[in-house]
file input_25.cif (mmCIF, C-alpha atoms; chains and numbers go by the auth columns)
data_data
loop_
_atom_site.group_PDB
_atom_site.id
_atom_site.type_symbol
_atom_site.label_atom_id
_atom_site.label_comp_id
_atom_site.label_asym_id
_atom_site.label_seq_id
_atom_site.Cartn_x
_atom_site.Cartn_y
_atom_site.Cartn_z
_atom_site.B_iso_or_equiv
_atom_site.auth_seq_id
_atom_site.auth_asym_id
ATOM 1 C CA MET A 1 96.017 62.478 90.214 0.00 1 A
ATOM 2 C CA ARG A 2 93.563 65.169 89.194 0.00 2 A
ATOM 3 C CA HIS A 3 92.690 65.840 85.558 0.00 3 A
ATOM 4 C CA HIS A 4 91.617 69.241 84.274 0.00 4 A
ATOM 5 C CA GLU A 5 90.001 69.890 80.926 0.00 5 A
ATOM 6 C CA ILE A 6 90.933 72.900 78.841 0.00 6 A
ATOM 7 C CA VAL A 7 88.983 73.818 75.708 0.00 7 A
ATOM 8 C CA ILE A 8 91.034 75.573 73.040 0.00 8 A
ATOM 9 C CA SER A 9 89.330 77.090 69.996 0.00 9 A
ATOM 10 C CA ARG A 10 91.295 77.674 66.797 0.00 10 A
ATOM 11 C CA CYS A 11 90.457 79.074 63.373 0.00 11 A
ATOM 12 C CA VAL A 12 91.800 77.305 60.299 0.00 12 A
ATOM 13 C CA GLY A 13 91.185 77.479 56.566 0.00 13 A
ATOM 14 C CA GLN A 14 91.899 80.235 54.093 0.00 14 A
ATOM 15 C CA THR A 15 88.498 80.789 52.455 0.00 15 A
ATOM 16 C CA ARG A 16 86.322 80.635 55.518 0.00 16 A
ATOM 17 C CA ARG A 17 86.739 80.444 59.271 0.00 17 A
ATOM 18 C CA THR A 18 86.241 77.026 60.730 0.00 18 A
ATOM 19 C CA ASP A 19 86.168 76.563 64.474 0.00 19 A
ATOM 20 C CA CYS A 20 87.986 73.471 65.624 0.00 20 A
ATOM 21 C CA VAL A 21 87.420 72.706 69.299 0.00 21 A
ATOM 22 C CA ILE A 22 90.164 70.600 70.805 0.00 22 A
ATOM 23 C CA LEU A 23 89.615 68.982 74.188 0.00 23 A
ATOM 24 C CA ILE A 24 92.868 68.411 76.022 0.00 24 A
ATOM 25 C CA ARG A 25 93.153 66.456 79.262 0.00 25 A
ATOM 26 C CA ILE A 26 96.207 67.505 81.208 0.00 26 A
ATOM 27 C CA MET A 27 97.724 66.611 84.536 0.00 27 A
ATOM 28 C CA PRO A 28 99.469 69.739 85.809 0.00 28 A
ATOM 29 C CA THR A 29 102.609 69.037 87.800 0.00 29 A
ATOM 30 C CA SER A 30 103.078 70.375 91.291 0.00 30 A
ATOM 31 C CA THR A 31 105.506 72.951 89.860 0.00 31 A
ATOM 32 C CA VAL A 32 102.937 74.204 87.376 0.00 32 A
ATOM 33 C CA GLU A 33 100.334 74.399 90.140 0.00 33 A
ATOM 34 C CA ASP A 34 102.741 76.375 92.350 0.00 34 A
ATOM 35 C CA TYR A 35 103.336 78.892 89.570 0.00 35 A
ATOM 36 C CA LEU A 36 99.646 79.263 88.748 0.00 36 A
ATOM 37 C CA LYS A 37 98.780 79.821 92.394 0.00 37 A
ATOM 38 C CA GLN A 38 101.542 82.379 92.907 0.00 38 A
ATOM 39 C CA ILE A 39 100.687 84.316 89.748 0.00 39 A
ATOM 40 C CA CYS A 40 97.070 84.382 90.906 0.00 40 A
ATOM 41 C CA LEU A 41 98.023 85.711 94.339 0.00 41 A
ATOM 42 C CA GLU A 42 100.314 88.366 92.872 0.00 42 A
ATOM 43 C CA GLN A 43 97.644 89.430 90.379 0.00 43 A
ATOM 44 C CA ASP A 44 95.189 89.834 93.244 0.00 44 A
ATOM 45 C CA ARG A 45 97.651 92.090 95.074 0.00 45 A
ATOM 46 C CA ASN A 46 98.317 93.968 91.840 0.00 46 A
ATOM 47 C CA GLY A 47 94.709 94.790 91.044 0.00 47 A
ATOM 48 C CA GLY A 48 94.488 92.131 88.348 0.00 48 A
ATOM 49 C CA GLU A 49 97.274 93.652 86.269 0.00 49 A
ATOM 50 C CA MET A 50 100.249 91.842 84.790 0.00 50 A
ATOM 51 C CA VAL A 51 102.842 90.626 87.269 0.00 51 A
ATOM 52 C CA SER A 52 106.577 90.973 86.736 0.00 52 A
ATOM 53 C CA PRO A 53 108.605 87.737 86.592 0.00 53 A
ATOM 54 C CA GLY A 54 110.841 89.211 89.294 0.00 54 A
ATOM 55 C CA ARG A 55 107.977 89.157 91.803 0.00 55 A
ATOM 56 C CA ILE A 56 107.232 85.540 90.974 0.00 56 A
ATOM 57 C CA ALA A 57 110.927 84.642 91.278 0.00 57 A
ATOM 58 C CA GLY A 58 111.157 86.309 94.684 0.00 58 A
ATOM 59 C CA ALA A 59 108.012 84.653 96.004 0.00 59 A
ATOM 60 C CA LEU A 60 109.009 81.169 94.854 0.00 60 A
ATOM 61 C CA ASP A 61 112.730 81.649 95.558 0.00 61 A
ATOM 62 C CA VAL A 62 113.834 80.652 92.064 0.00 62 A
ATOM 63 C CA ALA A 63 116.066 82.243 89.438 0.00 63 A
ATOM 64 C CA PRO A 64 114.449 84.819 87.086 0.00 64 A
ATOM 65 C CA ALA A 65 115.513 82.752 84.075 0.00 65 A
ATOM 66 C CA THR A 66 113.624 79.776 85.484 0.00 66 A
ATOM 67 C CA VAL A 67 110.491 81.900 85.823 0.00 67 A
ATOM 68 C CA THR A 68 110.793 83.166 82.254 0.00 68 A
ATOM 69 C CA ALA A 69 111.037 79.618 80.934 0.00 69 A
ATOM 70 C CA MET A 70 107.954 78.582 82.894 0.00 70 A
ATOM 71 C CA MET A 71 106.014 81.639 81.733 0.00 71 A
ATOM 72 C CA LYS A 72 106.636 80.592 78.135 0.00 72 A
ATOM 73 C CA THR A 73 105.505 77.051 78.930 0.00 73 A
ATOM 74 C CA LEU A 74 102.309 78.268 80.585 0.00 74 A
ATOM 75 C CA THR A 75 101.619 80.551 77.629 0.00 75 A
ATOM 76 C CA GLU A 76 102.072 77.691 75.168 0.00 76 A
ATOM 77 C CA SER A 77 99.666 75.616 77.280 0.00 77 A
ATOM 78 C CA GLY A 78 97.011 78.327 77.191 0.00 78 A
ATOM 79 C CA LEU A 79 97.230 78.939 80.942 0.00 79 A
ATOM 80 C CA ALA A 80 98.902 82.353 80.939 0.00 80 A
ATOM 81 C CA ILE A 81 99.733 85.342 78.783 0.00 81 A
ATOM 82 C CA TYR A 82 103.379 86.371 78.960 0.00 82 A
ATOM 83 C CA GLU A 83 104.730 89.560 77.420 0.00 83 A
ATOM 84 C CA PRO A 84 108.464 90.274 77.753 0.00 84 A
ATOM 85 C CA TYR A 85 109.155 93.500 79.682 0.00 85 A
ATOM 86 C CA ALA A 86 105.452 93.701 80.613 0.00 86 A
ATOM 87 C CA GLY A 87 104.796 90.647 82.753 0.00 87 A
ATOM 88 C CA VAL A 88 102.418 87.729 82.983 0.00 88 A
ATOM 89 C CA LYS A 89 98.773 87.179 83.800 0.00 89 A
ATOM 90 C CA LEU A 90 96.563 84.115 83.852 0.00 90 A
ATOM 91 C CA THR A 91 94.074 83.201 81.169 0.00 91 A
ATOM 92 C CA PRO A 92 90.575 82.129 82.304 0.00 92 A
ATOM 93 C CA ALA A 93 91.736 78.492 82.105 0.00 93 A
ATOM 94 C CA GLY A 94 94.844 79.263 84.179 0.00 94 A
ATOM 95 C CA HIS A 95 92.824 81.215 86.712 0.00 95 A
ATOM 96 C CA LYS A 96 90.380 78.340 87.122 0.00 96 A
ATOM 97 C CA LEU A 97 93.195 75.903 87.843 0.00 97 A
ATOM 98 C CA ALA A 98 94.803 78.362 90.259 0.00 98 A
ATOM 99 C CA MET A 99 91.532 78.708 92.173 0.00 99 A
ATOM 100 C CA HIS A 100 91.326 74.936 92.608 0.00 100 A
ATOM 101 C CA VAL A 101 94.873 74.840 93.982 0.00 101 A
ATOM 102 C CA LEU A 102 94.141 77.737 96.314 0.00 102 A
ATOM 103 C CA ARG A 103 90.957 76.032 97.512 0.00 103 A
ATOM 104 C CA ARG A 104 92.853 72.853 98.353 0.00 104 A
ATOM 105 C CA HIS A 105 95.596 74.780 100.152 0.00 105 A
ATOM 106 C CA ARG A 106 93.284 76.801 102.369 0.00 106 A
ATOM 107 C CA LEU A 107 90.952 73.937 103.233 0.00 107 A
ATOM 108 C CA ILE A 108 93.946 71.803 104.200 0.00 108 A
ATOM 109 C CA GLU A 109 95.297 74.570 106.445 0.00 109 A
ATOM 110 C CA LEU A 110 91.984 74.820 108.274 0.00 110 A
ATOM 111 C CA PHE A 111 91.685 71.039 108.549 0.00 111 A
ATOM 112 C CA LEU A 112 95.165 70.788 110.083 0.00 112 A
ATOM 113 C CA VAL A 113 94.306 73.445 112.672 0.00 113 A
ATOM 114 C CA ARG A 114 90.872 72.144 113.633 0.00 114 A
ATOM 115 C CA PHE A 115 91.315 68.381 113.455 0.00 115 A
ATOM 116 C CA MET A 116 95.057 67.849 113.794 0.00 116 A
ATOM 117 C CA ASN A 117 95.503 70.520 116.501 0.00 117 A
ATOM 118 C CA MET A 118 98.367 72.138 114.622 0.00 118 A
ATOM 119 C CA ASP A 119 99.263 75.766 115.238 0.00 119 A
ATOM 120 C CA TRP A 120 98.138 78.288 112.624 0.00 120 A
ATOM 121 C CA SER A 121 101.746 79.408 112.257 0.00 121 A
ATOM 122 C CA GLU A 122 102.990 75.992 111.117 0.00 122 A
ATOM 123 C CA VAL A 123 100.354 74.708 108.687 0.00 123 A
ATOM 124 C CA HIS A 124 101.375 76.672 105.595 0.00 124 A
ATOM 125 C CA GLN A 125 104.347 74.524 104.611 0.00 125 A
ATOM 126 C CA ASP A 126 102.465 71.278 105.185 0.00 126 A
ATOM 127 C CA ALA A 127 99.602 72.539 103.053 0.00 127 A
ATOM 128 C CA GLU A 128 102.098 73.463 100.316 0.00 128 A
ATOM 129 C CA VAL A 129 102.980 69.770 100.045 0.00 129 A
ATOM 130 C CA MET A 130 99.549 68.237 100.604 0.00 130 A
ATOM 131 C CA GLU A 131 97.711 70.475 98.139 0.00 131 A
ATOM 132 C CA HIS A 132 99.289 68.544 95.267 0.00 132 A
ATOM 133 C CA ALA A 133 98.546 65.098 96.644 0.00 133 A
ATOM 134 C CA ILE A 134 94.989 64.856 97.950 0.00 134 A
ATOM 135 C CA SER A 135 92.157 63.668 95.729 0.00 135 A
ATOM 136 C CA ASP A 136 89.058 65.671 94.924 0.00 136 A
ATOM 137 C CA ARG A 137 87.057 63.120 96.917 0.00 137 A
ATOM 138 C CA MET A 138 89.170 63.689 100.023 0.00 138 A
ATOM 139 C CA LEU A 139 88.923 67.454 99.564 0.00 139 A
ATOM 140 C CA GLN A 140 85.141 67.234 99.384 0.00 140 A
ATOM 141 C CA ARG A 141 85.073 65.222 102.599 0.00 141 A
ATOM 142 C CA MET A 142 87.311 67.779 104.314 0.00 142 A
ATOM 143 C CA ASP A 143 84.977 70.543 103.200 0.00 143 A
ATOM 144 C CA GLU A 144 81.988 68.680 104.651 0.00 144 A
ATOM 145 C CA MET A 145 83.727 67.955 107.966 0.00 145 A
ATOM 146 C CA LEU A 146 84.715 71.614 108.292 0.00 146 A
ATOM 147 C CA GLY A 147 81.156 72.782 107.629 0.00 147 A
ATOM 148 C CA ARG A 148 81.911 74.300 104.219 0.00 148 A
ATOM 149 C CA PRO A 149 83.948 77.221 105.619 0.00 149 A
ATOM 150 C CA SER A 150 84.472 80.519 103.825 0.00 150 A
ATOM 151 C CA VAL A 151 87.883 81.438 105.304 0.00 151 A
ATOM 152 C CA ASP A 152 91.055 79.632 106.414 0.00 152 A
ATOM 153 C CA PRO A 153 92.813 80.054 109.814 0.00 153 A
ATOM 154 C CA HIS A 154 94.452 83.283 108.640 0.00 154 A
ATOM 155 C CA GLY A 155 91.188 84.777 107.414 0.00 155 A
ATOM 156 C CA ASP A 156 92.028 84.222 103.731 0.00 156 A
ATOM 157 C CA PRO A 157 88.896 83.527 101.686 0.00 157 A
ATOM 158 C CA ILE A 158 88.428 79.974 100.416 0.00 158 A
ATOM 159 C CA PRO A 159 87.282 79.628 96.789 0.00 159 A
ATOM 160 C CA ASN A 160 84.106 77.603 96.477 0.00 160 A
ATOM 161 C CA ALA A 161 83.860 74.338 94.535 0.00 161 A
ATOM 162 C CA SER A 162 83.152 76.331 91.355 0.00 162 A
ATOM 163 C CA GLY A 163 86.375 78.288 91.739 0.00 163 A
ATOM 164 C CA GLN A 164 84.738 81.554 92.757 0.00 164 A
ATOM 165 C CA LEU A 165 86.534 83.648 95.367 0.00 165 A
ATOM 166 C CA PRO A 166 84.521 85.867 97.748 0.00 166 A
ATOM 167 C CA SER A 167 85.440 89.541 97.751 0.00 167 A
ATOM 168 C CA THR A 168 87.415 90.602 100.826 0.00 168 A
ATOM 169 C CA ALA A 169 88.085 94.277 100.268 0.00 169 A
ATOM 170 C CA GLY A 170 88.650 96.139 103.518 0.00 170 A
ATOM 171 C CA ASP A 171 90.871 98.326 105.634 0.00 171 A
ATOM 172 C CA SER A 172 94.028 97.382 107.461 0.00 172 A
ATOM 173 C CA LEU A 173 95.218 98.576 110.857 0.00 173 A
ATOM 174 C CA LEU A 174 97.226 101.119 108.891 0.00 174 A
ATOM 175 C CA THR A 175 94.293 102.640 106.995 0.00 175 A
ATOM 176 C CA CYS A 176 91.280 102.173 109.281 0.00 176 A
ATOM 177 C CA SER A 177 89.734 104.914 111.411 0.00 177 A
ATOM 178 C CA THR A 178 90.939 105.415 114.967 0.00 178 A
ATOM 179 C CA GLY A 179 88.728 105.087 118.005 0.00 179 A
ATOM 180 C CA VAL A 180 86.123 102.811 116.415 0.00 180 A
ATOM 181 C CA PRO A 181 85.328 99.185 117.325 0.00 181 A
ATOM 182 C CA LEU A 182 86.937 96.724 114.903 0.00 182 A
ATOM 183 C CA ARG A 183 87.457 93.007 114.416 0.00 183 A
ATOM 184 C CA VAL A 184 90.577 91.413 112.945 0.00 184 A
ATOM 185 C CA SER A 185 89.430 89.669 109.761 0.00 185 A
ATOM 186 C CA ARG A 186 92.576 88.552 107.927 0.00 186 A
ATOM 187 C CA VAL A 187 96.356 88.345 108.178 0.00 187 A
ATOM 188 C CA THR A 188 98.151 88.593 104.835 0.00 188 A
ATOM 189 C CA ASP A 189 101.668 87.802 106.068 0.00 189 A
ATOM 190 C CA GLN A 190 101.917 84.095 106.857 0.00 190 A
ATOM 191 C CA ARG A 191 105.507 83.890 107.984 0.00 191 A
ATOM 192 C CA ALA A 192 105.594 81.736 111.111 0.00 192 A
ATOM 193 C CA GLU A 193 107.384 84.356 113.226 0.00 193 A
ATOM 194 C CA PHE A 194 104.861 87.058 112.302 0.00 194 A
ATOM 195 C CA LEU A 195 101.885 84.832 113.116 0.00 195 A
ATOM 196 C CA GLN A 196 103.454 83.864 116.436 0.00 196 A
ATOM 197 C CA LEU A 197 103.920 87.548 117.263 0.00 197 A
ATOM 198 C CA LEU A 198 100.251 88.239 116.585 0.00 198 A
ATOM 199 C CA GLU A 199 99.151 85.276 118.664 0.00 199 A
ATOM 200 C CA ARG A 200 101.235 86.445 121.627 0.00 200 A
ATOM 201 C CA HIS A 201 99.458 89.797 121.497 0.00 201 A
ATOM 202 C CA SER A 202 95.934 88.481 120.781 0.00 202 A
ATOM 203 C CA LEU A 203 95.739 89.844 117.239 0.00 203 A
ATOM 204 C CA THR A 204 94.394 86.723 115.543 0.00 204 A
ATOM 205 C CA PRO A 205 91.331 86.731 113.228 0.00 205 A
ATOM 206 C CA GLY A 206 88.140 87.276 115.211 0.00 206 A
ATOM 207 C CA THR A 207 89.857 89.386 117.887 0.00 207 A
ATOM 208 C CA LEU A 208 88.083 92.633 118.795 0.00 208 A
ATOM 209 C CA VAL A 209 90.396 95.644 118.635 0.00 209 A
ATOM 210 C CA SER A 210 90.520 99.402 118.284 0.00 210 A
ATOM 211 C CA ILE A 211 93.206 101.875 117.242 0.00 211 A
ATOM 212 C CA ASP A 212 94.157 104.235 120.047 0.00 212 A
ATOM 213 C CA SER A 213 96.475 106.388 117.934 0.00 213 A
ATOM 214 C CA ARG A 214 98.577 106.503 114.796 0.00 214 A
ATOM 215 C CA ASP A 215 101.896 108.362 114.743 0.00 215 A
ATOM 216 C CA GLU A 216 102.756 109.283 111.153 0.00 216 A
ATOM 217 C CA LEU A 217 106.124 110.730 112.076 0.00 217 A
ATOM 218 C CA ALA A 218 107.289 107.683 114.030 0.00 218 A
ATOM 219 C CA GLY A 219 105.545 105.239 111.703 0.00 219 A
ATOM 220 C CA MET A 220 103.790 103.486 114.577 0.00 220 A
ATOM 221 C CA VAL A 221 100.224 102.386 115.321 0.00 221 A
ATOM 222 C CA LEU A 222 98.939 101.838 118.875 0.00 222 A
ATOM 223 C CA VAL A 223 96.577 98.861 118.701 0.00 223 A
ATOM 224 C CA HIS A 224 94.327 97.950 121.639 0.00 224 A
ATOM 225 C CA PRO A 225 92.975 94.365 121.666 0.00 225 A
ATOM 226 C CA ASP A 226 89.910 94.000 123.890 0.00 226 A
ATOM 227 C CA GLY A 227 90.908 92.968 127.406 0.00 227 A
ATOM 228 C CA GLN A 228 94.632 93.239 126.649 0.00 228 A
ATOM 229 C CA GLU A 229 97.350 95.831 126.974 0.00 229 A
ATOM 230 C CA PRO A 230 97.883 98.054 123.892 0.00 230 A
ATOM 231 C CA ILE A 231 100.697 97.100 121.523 0.00 231 A
ATOM 232 C CA GLN A 232 102.704 99.280 119.178 0.00 232 A
ATOM 233 C CA LEU A 233 103.082 98.050 115.605 0.00 233 A
ATOM 234 C CA GLY A 234 105.110 99.529 112.805 0.00 234 A
ATOM 235 C CA PHE A 235 103.285 100.680 109.685 0.00 235 A
ATOM 236 C CA ASP A 236 104.525 97.714 107.677 0.00 236 A
ATOM 237 C CA ALA A 237 103.166 95.178 110.175 0.00 237 A
ATOM 238 C CA ALA A 238 99.907 97.093 110.610 0.00 238 A
ATOM 239 C CA ALA A 239 99.309 97.035 106.859 0.00 239 A
ATOM 240 C CA ARG A 240 99.331 93.223 106.926 0.00 240 A
ATOM 241 C CA ILE A 241 96.458 92.925 109.386 0.00 241 A
ATOM 242 C CA LEU A 242 93.038 93.516 107.839 0.00 242 A
ATOM 243 C CA VAL A 243 90.019 94.527 109.889 0.00 243 A
ATOM 244 C CA GLU A 244 86.280 95.057 109.569 0.00 244 A
ATOM 245 C CA ARG A 245 83.874 97.251 111.497 0.00 245 A
ATOM 246 C CA ARG A 246 82.516 95.494 114.549 0.00 246 A
ATOM 247 C CA PRO A 247 78.729 94.926 114.404 0.00 247 A
ATOM 248 C CA VAL A 248 76.718 96.987 116.860 0.00 248 A
ATOM 249 C CA GLU A 249 75.533 93.905 118.775 0.00 249 A
ATOM 250 C CA ASP A 250 79.146 93.131 119.776 0.00 250 A
#
call {"tool": "encode", "arguments": {"input": "input_25.cif", "output": "structure tokens"}}
result
Amino acid sequence: MRHHEIVISRCVGQTRRTDCVILIRIMPTSTVEDYLKQICLEQDRNGGEMVSPGRIAGALDVAPATVTAMMKTLTESGLAIYEPYAGVKLTPAGHKLAMHVLRRHRLIELFLVRFMNMDWSEVHQDAEVMEHAISDRMLQRMDEMLGRPSVDPHGDPIPNASGQLPSTAGDSLLTCSTGVPLRVSRVTDQRAEFLQLLERHSLTPGTLVSIDSRDELAGMVLVHPDGQEPIQLGFDAAARILVERRPVED
């Protein structure tokens, strides 16, 4: 089981301020890790702002009251800041733990695809279980075997060993320019049926594509993968596929 150290500084005394540094060794449960990871992901989608408990409840498929109770627990542990009617956000300590969970999850997904020959549409649930069980030593070995990758099979960035996450700002098939050479870089919807749809139409990360047209009235985008027939995607689906400009040498 992994241990994480959290340093908490308090001020005590009435006549002068005295800093008392308390070193606490904790073993976060898999439930705590799930909450930290989900809050982190929702914060990232929300521009770093506070996240409503309702969004966390929906993502984890739990009752709102359960989320509220956990938010209070995380706040008492110094891992989150919870404000009723405003939402929750992670503290630096909570964010660090969340990054370690996210790193384990994404490295495991890539390992399962590359070495276990599993399909990219089926590794998410297995990684959800394994991320709480593997040791740091095993994770380091996975990282070495994979060649210290920067992204997982879906194009999601992998935090490094220090918990730093590379920036991945970019356009989606909904917002990018039409008629320019592009490369699929990331898929943000990891439902198995959505990933299988993209694979059938050659819209996986690394695929070269271009946008033939975008119909605002119909809410449709005509996407043209290189060497394949064009496919129409609705705006909602197009927004979940991120792209980058294709280098000139391609």
call {"tool": "resolve_selection", "arguments": {"input": "input_25.cif", "expression": "the PyMOL selection byres ((chain A and resi 143) around 12)", "output": "number ranges by chain"}}
result
A: 103-111, 136-142, 144-152, 158-161
call {"tool": "residues_around", "arguments": {"input": "input_25.cif", "residues": "Ser202 (chain A)", "least_positions_apart": "2", "cutoff": "10 Å", "atoms": "all atoms listed in the file", "output": "compact mmCIF listing (two decimals) with C-alpha atoms, in the coordinates of the input"}}
result
# COMPACT_ATOMS: atom_id res chain seq x y z
CA VAL A 184 90.58 91.41 112.94
CA GLN A 196 103.45 83.86 116.44
CA LEU A 197 103.92 87.55 117.26
CA LEU A 198 100.25 88.24 116.58
CA GLU A 199 99.15 85.28 118.66
CA ARG A 200 101.24 86.44 121.63
CA THR A 204 94.39 86.72 115.54
CA PRO A 205 91.33 86.73 113.23
CA GLY A 206 88.14 87.28 115.21
CA THR A 207 89.86 89.39 117.89
CA LEU A 208 88.08 92.63 118.80
CA VAL A 209 90.40 95.64 118.64
CA HIS A 224 94.33 97.95 121.64
CA PRO A 225 92.98 94.36 121.67
CA ASP A 226 89.91 94.00 123.89
CA GLY A 227 90.91 92.97 127.41
CA GLN A 228 94.63 93.24 126.65
CA GLU A 229 97.35 95.83 126.97
CA ILE A 231 100.70 97.10 121.52
call {"tool": "closest_residue", "arguments": {"input": "input_25.cif", "among": "A:Leu41, A:Ala65, A:Leu233, A:Met50", "to": "Val88 (chain A)", "atoms": "all atoms listed in the file"}}
result
A:Met50
call {"tool": "closest_residue", "arguments": {"input": "input_25.cif", "among": "A:Leu173, A:Ile81, A:Val187, A:Ile39", "to": "Leu97 (chain A)", "atoms": "only C-alpha atoms"}}
result
A:Ile39
call {"tool": "atom_distance", "arguments": {"input": "input_25.cif", "atom1": "CA of Gly87 (chain A)", "atom2": "CA of Val51 (chain A)"}}
result
4.9 Å
call {"tool": "atom_distance", "arguments": {"input": "input_25.cif", "atom1": "CA of Arg245 (chain A)", "atom2": "CA of Leu182 (chain A)"}}
result
4.6 Å
call {"tool": "closest_residue", "arguments": {"input": "input_25.cif", "among": "A:Met70, A:Val123, A:Ile56, A:Val62", "to": "Val32 (chain A)", "atoms": "all atoms listed in the file"}}
result
A:Met70
call {"tool": "resolve_selection", "arguments": {"input": "input_25.cif", "expression": "the PyMOL selection byres ((chain A and resi 78) around 8)", "output": "PDB file with C-alpha atoms, in the coordinates of the input"}}
result
ATOM      1  CA  ILE A   8      91.034  75.573  73.040  1.00  0.00           C
ATOM      2  CA  LEU A  74     102.309  78.268  80.585  1.00  0.00           C
ATOM      3  CA  THR A  75     101.619  80.551  77.629  1.00  0.00           C
ATOM      4  CA  GLU A  76     102.072  77.691  75.168  1.00  0.00           C
ATOM      5  CA  SER A  77      99.666  75.616  77.280  1.00  0.00           C
ATOM      6  CA  LEU A  79      97.230  78.939  80.942  1.00  0.00           C
ATOM      7  CA  ALA A  80      98.902  82.353  80.939  1.00  0.00           C
ATOM      8  CA  ILE A  81      99.733  85.342  78.783  1.00  0.00           C
ATOM      9  CA  THR A  91      94.074  83.201  81.169  1.00  0.00           C
ATOM     10  CA  ALA A  93      91.736  78.492  82.105  1.00  0.00           C
ATOM     11  CA  GLY A  94      94.844  79.263  84.179  1.00  0.00           C
TER      12      GLY A  94
END
call {"tool": "closest_residue", "arguments": {"input": "input_25.cif", "among": "A:Leu165, A:Pro84, A:Gln232, A:Pro153", "to": "Arg114 (chain A)", "atoms": "only C-alpha atoms"}}
result
A:Pro153
call {"tool": "closest_residue", "arguments": {"input": "input_25.cif", "among": "A:Thr66, A:Leu36, A:Ala86, A:Ser30", "to": "Ser52 (chain A)", "atoms": "all atoms listed in the file"}}
result
A:Ala86
call {"tool": "atom_distance", "arguments": {"input": "input_25.cif", "atom1": "CA of Leu112 (chain A)", "atom2": "CA of Ala57 (chain A)"}}
result
28.2 Å
call {"tool": "closest_residue", "arguments": {"input": "input_25.cif", "among": "A:Asp119, A:Asp61, A:Glu83, A:Asp34", "to": "Ala98 (chain A)", "atoms": "all atoms listed in the file"}}
result
A:Asp34
call {"tool": "resolve_selection", "arguments": {"input": "input_25.cif", "expression": "the PyMOL selection byres ((chain A and resi 242) around 10)", "output": "ChimeraX atom specification"}}
result
/A:155,168-176,182-188,205,238-241,243-244
call {"tool": "residues_around", "arguments": {"input": "input_25.cif", "residues": "Gln190 (chain A)", "least_positions_apart": "5", "cutoff": "8 Å", "atoms": "only C-alpha atoms", "output": "list in words"}}
result
Ser121, His124, His154 and Leu195 of chain A
call {"tool": "build_atoms", "arguments": {"input": "input_25.cif", "residues": "region 98-112 of chain A", "atoms": "N, CA and C atoms", "output": "PDB file, in the coordinates of the input"}}
result
ATOM      1  N   ALA A  98      94.207  77.737  89.078  1.00  0.00           N
ATOM      2  CA  ALA A  98      94.803  78.362  90.259  1.00  0.00           C
ATOM      3  C   ALA A  98      93.816  78.406  91.424  1.00  0.00           C
ATOM      4  N   MET A  99      92.553  78.669  91.129  1.00  0.00           N
ATOM      5  CA  MET A  99      91.532  78.708  92.173  1.00  0.00           C
ATOM      6  C   MET A  99      91.358  77.337  92.825  1.00  0.00           C
ATOM      7  N   HIS A 100      91.446  76.284  92.044  1.00  0.00           N
ATOM      8  CA  HIS A 100      91.326  74.936  92.608  1.00  0.00           C
ATOM      9  C   HIS A 100      92.506  74.623  93.514  1.00  0.00           C
ATOM     10  N   VAL A 101      93.701  75.057  93.126  1.00  0.00           N
ATOM     11  CA  VAL A 101      94.873  74.840  93.982  1.00  0.00           C
ATOM     12  C   VAL A 101      94.733  75.636  95.273  1.00  0.00           C
ATOM     13  N   LEU A 102      94.304  76.880  95.151  1.00  0.00           N
ATOM     14  CA  LEU A 102      94.141  77.737  96.314  1.00  0.00           C
ATOM     15  C   LEU A 102      93.072  77.173  97.259  1.00  0.00           C
ATOM     16  N   ARG A 103      92.013  76.636  96.691  1.00  0.00           N
ATOM     17  CA  ARG A 103      90.957  76.032  97.512  1.00  0.00           C
ATOM     18  C   ARG A 103      91.515  74.854  98.310  1.00  0.00           C
ATOM     19  N   ARG A 104      92.275  73.995  97.653  1.00  0.00           N
ATOM     20  CA  ARG A 104      92.853  72.853  98.353  1.00  0.00           C
ATOM     21  C   ARG A 104      93.773  73.327  99.477  1.00  0.00           C
ATOM     22  N   HIS A 105      94.621  74.295  99.165  1.00  0.00           N
ATOM     23  CA  HIS A 105      95.596  74.780 100.152  1.00  0.00           C
ATOM     24  C   HIS A 105      94.904  75.310 101.404  1.00  0.00           C
ATOM     25  N   ARG A 106      93.909  76.137 101.224  1.00  0.00           N
ATOM     26  CA  ARG A 106      93.284  76.801 102.369  1.00  0.00           C
ATOM     27  C   ARG A 106      92.386  75.865 103.161  1.00  0.00           C
ATOM     28  N   LEU A 107      91.733  74.922 102.490  1.00  0.00           N
ATOM     29  CA  LEU A 107      90.952  73.937 103.233  1.00  0.00           C
ATOM     30  C   LEU A 107      91.866  73.029 104.047  1.00  0.00           C
ATOM     31  N   ILE A 108      92.989  72.652 103.475  1.00  0.00           N
ATOM     32  CA  ILE A 108      93.946  71.803 104.200  1.00  0.00           C
ATOM     33  C   ILE A 108      94.464  72.530 105.432  1.00  0.00           C
ATOM     34  N   GLU A 109      94.809  73.807 105.292  1.00  0.00           N
ATOM     35  CA  GLU A 109      95.297  74.570 106.445  1.00  0.00           C
ATOM     36  C   GLU A 109      94.279  74.548 107.582  1.00  0.00           C
ATOM     37  N   LEU A 110      93.021  74.785 107.246  1.00  0.00           N
ATOM     38  CA  LEU A 110      91.984  74.820 108.274  1.00  0.00           C
ATOM     39  C   LEU A 110      91.778  73.441 108.887  1.00  0.00           C
ATOM     40  N   PHE A 111      91.837  72.411 108.057  1.00  0.00           N
ATOM     41  CA  PHE A 111      91.685  71.039 108.549  1.00  0.00           C
ATOM     42  C   PHE A 111      92.803  70.699 109.535  1.00  0.00           C
ATOM     43  N   LEU A 112      94.026  71.085 109.206  1.00  0.00           N
ATOM     44  CA  LEU A 112      95.165  70.788 110.083  1.00  0.00           C
ATOM     45  C   LEU A 112      95.031  71.500 111.430  1.00  0.00           C
TER      46      LEU A 112
END
